[in-house]
Amino acid sequence: MSNVNTLRHDLVDIVGELRSALREIGNEQIPQSAIVNNARDRLHYIATLTEQSASQTLRAAESISDSLHAQQKAAQLLLRKVRSPAALEFLQALQAQHGQALIQVTEIIQAQAFQDLVGQVINKLMLTIEKMETSLAHLLIEEDAESGLLEGPQVRAEAQVSQADIDNLFD
């Protein structure tokens with residue numbers, strides 16, 4: 001019987017911590033039965049938005065990179081044709097600026113690699129939450145019933161569980 005009380009206490013602590021964490025991030029009106037689903041849905045939403053944001057940033061950075069490369073080639077061709085000292089100076093400065101901008105765009109692209117790591121961590125957390133939910137469900141539902149036999153009401157008073165006991169489990 002002490003194992004049941006320990007299990008009940010541990011489950012109450014887990015649900016309380018999860019509820020507290022969800023309350024901190026802005027949702028106080030979560031039904032008892034939806035706490036784990038809500039946490040998993042939030043992680044999925046964050047993973048999706050992070051991936052979309054990283055993809056959008058990478059597309060923009062690659063587009064800028066392509067434009068800078070094209071402008072750099074055009075400036076290189078003009079350098080051979082222009083005779084004006086002012087135009088030559090401008091084109092050389094433009095090429096140097098393009099070189100620096102390309103370095104910065106490459107840094108942006110490389111910095112987006114964090115999204116892959118964040119996505120992996122979030123996916124791992126989602127799997128952990130799903131496993132936790134499955135484990136909790138298996139703990140709460142007896143699976144050791146003999147096949148072919150119907151489960152009836154508990155006859156022994158010490159084996160009976162009341163609705164109040166179940167409700168207390170989640171409070």
# chains A, B, ... in the order shown; residues from 1 in each chain; ligands from 1
>>> residues_around(residues="Arg80 in chain A", least_positions_apart="6", cutoff="12 Å", atoms="only C-alpha atoms", output="JSON list (two decimals) with C-alpha atoms, in the first residue's frame")
[["chain", "number", "residue", "atom", "x", "y", "z"],
["A", 73, "LYS", "CA", 31.25, 40.08, -60.95],
["A", 74, "ALA", "CA", 29.67, 43.10, -62.64],
["A", 87, "ALA", "CA", 34.94, 55.35, -60.97],
["A", 88, "LEU", "CA", 37.86, 52.96, -60.46],
["A", 91, "LEU", "CA", 34.33, 50.04, -58.00],
["A", 92, "GLN", "CA", 37.29, 48.86, -55.92]]
>>> atom_distance(atom1="CA of His69 in chain A", atom2="CA of His98 in chain A")
7.8 Å
>>> closest_atom_pairs(of="range 61-141 of chain A", to="range 33-57 of chain A", cutoff="10 Å", atoms="only C-alpha atoms", output="Markdown table")
| residue | atom | partner | partner_atom | distance |
| --- | --- | --- | --- | --- |
| A:Ala61 | CA | A:Thr57 | CA | 6.1 |
| A:Glu62 | CA | A:Thr57 | CA | 8.5 |
| A:Ser63 | CA | A:Thr57 | CA | 9.9 |
| A:Ile108 | CA | A:Thr57 | CA | 8.3 |
| A:Ile109 | CA | A:Thr57 | CA | 8.0 |
| A:Ala111 | CA | A:Ala54 | CA | 9.7 |
| A:Gln112 | CA | A:Ala54 | CA | 6.1 |
| A:Ala113 | CA | A:Ala54 | CA | 8.6 |
| A:Phe114 | CA | A:Ala54 | CA | 9.0 |
| A:Gln115 | CA | A:Ala54 | CA | 6.4 |
| A:Asp116 | CA | A:Glu51 | CA | 8.0 |
| A:Val118 | CA | A:Ala47 | CA | 7.7 |
| A:Gly119 | CA | A:Ala47 | CA | 5.7 |
| A:Gln120 | CA | A:Ala47 | CA | 9.0 |
| A:Val121 | CA | A:Ala47 | CA | 9.3 |
| A:Ile122 | CA | A:Leu43 | CA | 6.4 |
| A:Asn123 | CA | A:Ala47 | CA | 7.7 |
| A:Leu125 | CA | A:Leu43 | CA | 7.9 |
| A:Met126 | CA | A:Arg40 | CA | 5.7 |
| A:Leu127 | CA | A:Arg40 | CA | 8.8 |
| A:Thr128 | CA | A:Arg40 | CA | 9.6 |
| A:Ile129 | CA | A:Arg40 | CA | 6.7 |
| A:Glu130 | CA | A:Arg40 | CA | 7.6 |
| A:Met132 | CA | A:Val36 | CA | 8.8 |
| A:Glu133 | CA | A:Val36 | CA | 6.8 |
>>> write_last_selection(atoms="C-alpha atoms", output="PDB file, in the first residue's frame")
ATOM      1  CA  ALA A  61      20.681  35.134 -46.705  1.00  0.00           C
ATOM      2  CA  GLU A  62      21.225  32.946 -49.776  1.00  0.00           C
ATOM      3  CA  SER A  63      19.372  35.461 -51.949  1.00  0.00           C
ATOM      4  CA  ILE A 108      24.382  34.297 -40.759  1.00  0.00           C
ATOM      5  CA  ILE A 109      24.002  31.054 -42.685  1.00  0.00           C
ATOM      6  CA  ALA A 111      24.617  30.675 -37.255  1.00  0.00           C
ATOM      7  CA  GLN A 112      21.347  29.131 -38.448  1.00  0.00           C
ATOM      8  CA  ALA A 113      22.850  25.705 -37.788  1.00  0.00           C
ATOM      9  CA  PHE A 114      21.580  26.129 -34.213  1.00  0.00           C
ATOM     10  CA  GLN A 115      18.053  25.501 -35.507  1.00  0.00           C
ATOM     11  CA  ASP A 116      18.949  21.932 -36.318  1.00  0.00           C
ATOM     12  CA  VAL A 118      17.171  23.137 -31.254  1.00  0.00           C
ATOM     13  CA  GLY A 119      14.882  21.001 -33.398  1.00  0.00           C
ATOM     14  CA  GLN A 120      16.644  17.831 -32.285  1.00  0.00           C
ATOM     15  CA  VAL A 121      16.326  18.793 -28.619  1.00  0.00           C
ATOM     16  CA  ILE A 122      12.655  19.711 -28.973  1.00  0.00           C
ATOM     17  CA  ASN A 123      11.900  16.471 -30.812  1.00  0.00           C
ATOM     18  CA  LEU A 125      11.600  16.336 -25.426  1.00  0.00           C
ATOM     19  CA  MET A 126       8.409  15.550 -27.349  1.00  0.00           C
ATOM     20  CA  LEU A 127       9.333  11.853 -27.464  1.00  0.00           C
ATOM     21  CA  THR A 128      10.099  11.923 -23.739  1.00  0.00           C
ATOM     22  CA  ILE A 129       6.735  13.522 -22.974  1.00  0.00           C
ATOM     23  CA  GLU A 130       4.953  10.948 -25.137  1.00  0.00           C
ATOM     24  CA  MET A 132       5.914   9.696 -19.989  1.00  0.00           C
ATOM     25  CA  GLU A 133       2.267   9.969 -21.002  1.00  0.00           C
TER      26      GLU A 133
END
>>> residues_around(residues="Val12 in chain A", least_positions_apart="3", cutoff="6 Å", atoms="only C-alpha atoms", output="list in words")
His9, Val15, Gly16, Leu169 and Phe170 of chain A
>>> atom_distance(atom1="CA of Val4 in chain A", atom2="CA of Lys131 in chain A")
20.8 Å
>>> atom_distance(atom1="CA of Gln95 in chain A", atom2="CA of Gln71 in chain A")
8.3 Å
